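Asker: Structure supplied as input19.cif; contents: mmCIF, C-alpha atoms.
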```cif
data_query
loop_
_atom_site.label_atom_id
_atom_site.label_comp_id
_atom_site.auth_asym_id
_atom_site.auth_seq_id
_atom_site.Cartn_x
_atom_site.Cartn_y
_atom_site.Cartn_z
CA MET A 22 0.00 0.00 0.00
CA LYS A 23 1.25 3.50 -0.88
CA ARG A 24 0.03 6.92 0.14
CA CYS A 25 0.50 10.50 -1.04
CA PRO A 26 2.45 12.64 1.45
CA MET A 27 0.63 15.78 0.24
CA CYS A 28 -3.06 14.82 0.23
CA ASP A 29 -2.86 11.57 2.24
CA ARG A 30 -4.73 9.53 -0.36
CA THR A 31 -3.92 5.84 -0.52
CA TYR A 32 -3.14 3.84 -3.63
CA ASP A 33 -2.26 0.26 -4.43
CA ASP A 34 1.38 -0.69 -4.99
CA SER A 35 1.20 -0.42 -8.80
CA GLN A 36 0.86 3.40 -8.68
CA ALA A 37 3.96 5.61 -8.47
CA PHE A 38 2.47 9.13 -8.46
CA CYS A 39 -0.62 10.75 -6.96
CA VAL A 40 -3.31 11.50 -9.54
CA ASN A 41 -4.46 14.52 -7.54
CA ASP A 42 -1.25 16.52 -7.14
CA GLY A 43 1.47 14.47 -8.88
CA ALA A 44 3.54 13.85 -5.74
CA THR A 45 5.67 10.72 -5.52
CA LEU A 46 3.91 8.08 -3.45
CA VAL A 47 5.60 6.66 -0.35
CA SER A 48 5.12 3.29 1.31
CA ASP A 49 2.42 3.33 3.94
CA ALA A 50 4.23 2.70 7.26
CA SER A 51 1.07 1.83 9.18
CA GLY A 52 0.82 -1.50 7.35
CA SER A 53 -2.94 -1.29 7.36
CA SER A 54 -4.95 -3.02 4.71
CA TYR A 55 -6.41 -1.19 1.75
CA ASP A 56 -9.17 1.18 2.85
CA PRO A 57 -11.05 2.74 -0.10
CA MET A 58 -12.95 5.06 2.24
CA LYS A 59 -9.75 6.70 3.43
CA THR A 60 -9.38 8.53 0.12
CA ILE A 61 -12.94 9.80 0.32
CA VAL A 62 -12.94 11.01 3.92
CA ALA A 63 -9.34 12.15 4.08
CA THR A 64 -8.88 15.65 5.39
CA PRO A 65 -7.16 18.16 3.15
CA PRO A 66 -3.67 19.27 4.10
CA PRO A 67 -3.42 22.45 6.16
CA PRO A 68 -2.96 25.59 4.09
CA GLN A 69 0.58 26.81 3.77
CA SER A 70 1.24 30.22 5.21
CA GLN A 71 1.87 32.93 2.68
CA SER A 72 2.84 36.48 3.39
CA ALA A 73 1.04 37.82 0.31
CA PRO A 74 -1.25 36.23 -2.28
CA LEU A 75 0.45 35.10 -5.45
CA PRO A 76 -0.28 37.18 -8.58
CA PRO A 77 -2.12 35.44 -11.41
CA PRO A 78 0.13 33.92 -14.05
CA GLY A 79 1.14 36.37 -16.77
CA TYR A 80 1.26 35.65 -20.46
CA GLY A 81 3.69 38.25 -21.69
CA SER A 82 2.86 41.94 -21.83
CA GLY A 83 -0.88 41.31 -21.38
CA ASP A 84 -3.43 38.56 -21.33
CA LEU A 85 -4.85 39.48 -24.74
CA PRO A 86 -3.25 40.14 -28.12
CA GLY A 87 -1.75 43.58 -28.44
CA GLY A 88 -0.88 43.83 -24.75
CA GLN A 89 -4.43 44.70 -23.69
CA SER A 90 -5.66 43.80 -20.25
CA PRO A 91 -8.97 41.91 -20.04
CA SER A 92 -10.78 44.89 -18.53
CA SER A 93 -9.80 47.27 -21.36
CA TRP A 94 -10.49 44.91 -24.25
CA GLN A 95 -13.19 45.91 -26.71
CA PRO A 96 -14.05 43.96 -29.86
CA SER A 97 -12.93 45.65 -33.04
CA ALA A 98 -15.36 46.77 -35.70
CA PRO A 99 -15.85 44.34 -38.60
CA GLN A 100 -13.66 45.01 -41.61
CA ALA A 101 -14.43 44.37 -45.24
CA GLY A 102 -12.72 41.48 -46.98
CA TRP A 103 -11.20 38.34 -45.48
CA GLY A 104 -11.89 37.51 -41.87
CA THR A 105 -15.43 38.80 -41.66
CA ASN A 106 -18.42 36.64 -40.99
CA MET A 107 -20.41 38.23 -43.79
CA PRO A 108 -21.49 35.90 -46.61
CA PRO A 109 -20.21 36.63 -50.11
CA ALA A 110 -22.22 38.79 -52.41
CA PRO A 111 -24.94 36.90 -54.29
CA ASN A 112 -24.02 35.27 -57.61
CA VAL A 113 -20.28 35.52 -56.90
CA PRO A 114 -18.57 32.12 -57.12
CA PHE A 115 -16.16 31.26 -54.31
CA GLY A 116 -12.60 32.33 -55.14
CA ALA A 117 -13.65 34.73 -57.91
CA ALA A 118 -12.15 38.18 -58.07
CA PRO A 119 -14.41 40.60 -56.19
CA GLN A 120 -16.37 42.90 -58.51
CA GLY A 121 -14.33 41.48 -61.36
CA GLN A 122 -14.97 39.52 -64.49
CA GLN A 123 -13.02 36.95 -66.40
CA ASN A 124 -10.70 38.55 -68.89
CA GLY A 125 -11.81 37.60 -72.41
CA LEU A 126 -8.21 37.78 -73.59
CA ALA A 127 -7.24 35.09 -71.08
CA ILE A 128 -10.03 32.79 -72.25
CA GLY A 129 -9.07 33.37 -75.90
CA SER A 130 -5.45 32.65 -75.08
CA LEU A 131 -6.36 29.34 -73.50
CA VAL A 132 -8.62 28.28 -76.37
CA CYS A 133 -5.99 29.13 -79.00
CA GLY A 134 -3.30 27.45 -76.92
CA LEU A 135 -5.30 24.24 -76.59
CA LEU A 136 -5.88 24.09 -80.34
CA SER A 137 -2.26 24.78 -81.31
CA PRO A 138 -0.48 21.48 -80.47
CA PHE A 139 -3.09 19.31 -82.14
CA CYS A 140 -4.49 20.88 -85.27
CA CYS A 141 -3.59 24.46 -86.16
CA GLY A 142 0.05 24.78 -85.14
CA LEU A 143 1.57 28.23 -85.52
CA LEU A 144 -1.75 29.65 -86.74
CA THR A 145 -3.13 29.51 -83.18
CA ALA A 146 0.06 29.17 -81.07
CA ILE A 147 1.34 32.68 -81.76
CA PRO A 148 -2.03 34.36 -80.99
CA ALA A 149 -2.29 32.27 -77.81
CA ILE A 150 1.00 33.65 -76.54
CA VAL A 151 0.22 37.23 -77.58
CA LEU A 152 -3.29 37.15 -76.04
CA GLY A 153 -1.90 35.57 -72.87
CA PHE A 154 0.65 38.33 -72.34
CA MET A 155 -1.94 41.01 -73.13
CA ALA A 156 -4.30 39.46 -70.55
CA LEU A 157 -1.56 39.31 -67.92
CA SER A 158 -0.70 42.98 -68.42
CA LYS A 159 -4.39 43.94 -68.06
CA ILE A 160 -4.76 41.81 -64.93
CA LYS A 161 -1.61 43.34 -63.44
CA ALA A 162 -2.81 46.88 -64.19
CA GLU A 163 -6.33 46.37 -62.75
CA PRO A 164 -6.44 43.27 -60.52
CA GLY A 165 -9.78 44.22 -58.93
CA ARG A 166 -11.50 44.49 -62.28
CA TYR A 167 -10.11 41.52 -64.20
CA GLY A 168 -9.54 37.88 -63.32
CA GLY A 169 -8.24 34.89 -65.23
CA LYS A 170 -4.52 34.99 -64.47
CA GLY A 171 -4.36 31.18 -64.42
CA LEU A 172 -6.14 30.97 -67.78
CA ALA A 173 -3.67 33.41 -69.32
CA ILE A 174 -0.67 31.48 -68.00
CA ALA A 175 -2.17 28.20 -69.24
CA GLY A 176 -2.74 29.78 -72.67
CA ILE A 177 0.88 30.94 -72.85
CA ALA A 178 2.12 27.49 -71.82
CA THR A 179 -0.04 25.58 -74.30
CA GLY A 180 0.78 28.07 -77.06
CA SER A 181 4.48 27.52 -76.40
CA LEU A 182 3.88 23.78 -76.48
CA GLY A 183 2.14 24.23 -79.83
CA ILE A 184 5.18 26.06 -81.26
CA VAL A 185 7.53 23.33 -80.01
CA THR A 186 5.23 20.63 -81.43
CA THR A 187 5.10 22.38 -84.80
CA ILE A 188 8.91 22.76 -84.94
CA ILE A 189 9.38 19.06 -84.10
CA TRP A 190 6.80 18.08 -86.74
CA VAL A 191 8.60 20.21 -89.40
CA ILE A 192 11.97 18.63 -88.50
CA ILE A 193 10.49 15.12 -88.77
CA GLN A 194 9.02 15.99 -92.20
CA ILE A 195 12.36 17.34 -93.44
CA ILE A 196 14.18 14.20 -92.28
CA ALA A 197 11.57 11.98 -93.88
CA ALA A 198 11.73 13.86 -97.20
CA SER A 199 15.55 13.76 -97.33
CA SER A 200 15.71 10.02 -96.68
CA ARG A 201 13.62 9.12 -99.78
#
```
Could you write out this file's structure as structure tokens?
Answerer:
Amino acid sequence: MKRCPMCDRTYDDSQAFCVNDGATLVSDASGSSYDPMKTIVATPPPPQSQSAPLPPPGYGSGDLPGGQSPSSWQPSAPQAGWGTNMPPAPNVPFGAAPQGQQNGLAIGSLVCGLLSPFCCGLLTAIPAIVLGFMALSKIKAEPGRYGGKGLAIAGIATGSLGIVTTIIWVIIQIIAASSR
């Protein structure tokens, strides 16, 4: 049998620490048998004498962000944009540019770029790259008004792929014609 020297609770021999206060358990010198009621009716330890009450634990310069004390804290006014609990405006898809619209140049760049590696070659690859860069410059100049940056970048990439595909196809045709 073991007991806690702090709270005088008793435990069986398999325990090493008190679950109440974490103190290391000591062997019970009385040699008495296990008494489950002793833990229920045990008297609390006498209070330790203190000259002054301990201050509450501090968490840096203040208990709240910004060094404010709890008594002076006031909630801030809601701000527009991210972090508010206001729902998005109606008919605005999630992730869309606010008050913006898809840039038609970006969409055209992507369509031309997707056509270029497969059927039209340089006829659509060059416009895909030009439209993509025009769309990116418009988006950079007025980001709140225009969206579609990813479409423009995809159009430039697929247009470049179309140019590379066309060059490879021309080289293969030249090699095939010279080997006849």
Asker: Name all residues at most 10 Å from Gly169 in chain A (count all atoms listed in the file; drop same-chain ones fewer than 2 positions away) and give them as a PDB file with C-alpha atoms, in the frame of the given file.
Answerer:
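Writing the result to part22.pdb gives the following:
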```pdb
ATOM      1  CA  ALA A 117     -13.650  34.730 -57.910  1.00  0.00           C
ATOM      2  CA  ALA A 118     -12.150  38.180 -58.070  1.00  0.00           C
ATOM      3  CA  GLY A 121     -14.330  41.480 -61.360  1.00  0.00           C
ATOM      4  CA  GLN A 122     -14.970  39.520 -64.490  1.00  0.00           C
ATOM      5  CA  GLN A 123     -13.020  36.950 -66.400  1.00  0.00           C
ATOM      6  CA  ASN A 124     -10.700  38.550 -68.890  1.00  0.00           C
ATOM      7  CA  GLY A 125     -11.810  37.600 -72.410  1.00  0.00           C
ATOM      8  CA  LEU A 126      -8.210  37.780 -73.590  1.00  0.00           C
ATOM      9  CA  ALA A 127      -7.240  35.090 -71.080  1.00  0.00           C
ATOM     10  CA  ILE A 128     -10.030  32.790 -72.250  1.00  0.00           C
ATOM     11  CA  GLY A 153      -1.900  35.570 -72.870  1.00  0.00           C
ATOM     12  CA  ALA A 156      -4.300  39.460 -70.550  1.00  0.00           C
ATOM     13  CA  LEU A 157      -1.560  39.310 -67.920  1.00  0.00           C
ATOM     14  CA  ILE A 160      -4.760  41.810 -64.930  1.00  0.00           C
ATOM     15  CA  PRO A 164      -6.440  43.270 -60.520  1.00  0.00           C
ATOM     16  CA  TYR A 167     -10.110  41.520 -64.200  1.00  0.00           C
ATOM     17  CA  GLY A 171      -4.360  31.180 -64.420  1.00  0.00           C
ATOM     18  CA  LEU A 172      -6.140  30.970 -67.780  1.00  0.00           C
ATOM     19  CA  ALA A 173      -3.670  33.410 -69.320  1.00  0.00           C
ATOM     20  CA  ILE A 174      -0.670  31.480 -68.000  1.00  0.00           C
ATOM     21  CA  ALA A 175      -2.170  28.200 -69.240  1.00  0.00           C
TER      22      ALA A 175
END
```
Asker: Enter the distance from CA of Trp190 in chain A to CA of Leu144 in chain A, in Å, rounded to one decimal.
Answerer: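 A separation of 14.4 Å between them.
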Asker: What gap, in Å, lies between CA of Ile150 in chain A and CA of Gly168 in chain A?
Answerer: 17.4 Å
Asker: Mind pulling up the distance from CA of Thr145 in chain A to CA of Thr186 in chain A?
Answerer: 12.3 Å
Asker: My list of candidates is A:Cys141, A:Leu131, A:Val40, A:Met27. Which is closest to Ile177 in chain A when distances are computed with all atoms listed in the file?
Answerer: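 Nearest to Ile177 in chain A: A:Leu131.
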Asker: Residue by residue, what does the PyMOL selection byres ((chain A and resi 41-47) around 12) grab here? Present the result as a list in words.
Answerer: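 Applying the expression gives Met22, Lys23, Arg24, Cys25, Pro26, Met27, Cys28, Asp29, Arg30, Thr31, Tyr32, Asp33, Asp34, Ser35, Gln36, Ala37, Phe38, Cys39, Val40, Ser48, Asp49, Ala50, Ser51, Thr60, Pro65 and Pro66 of chain A.
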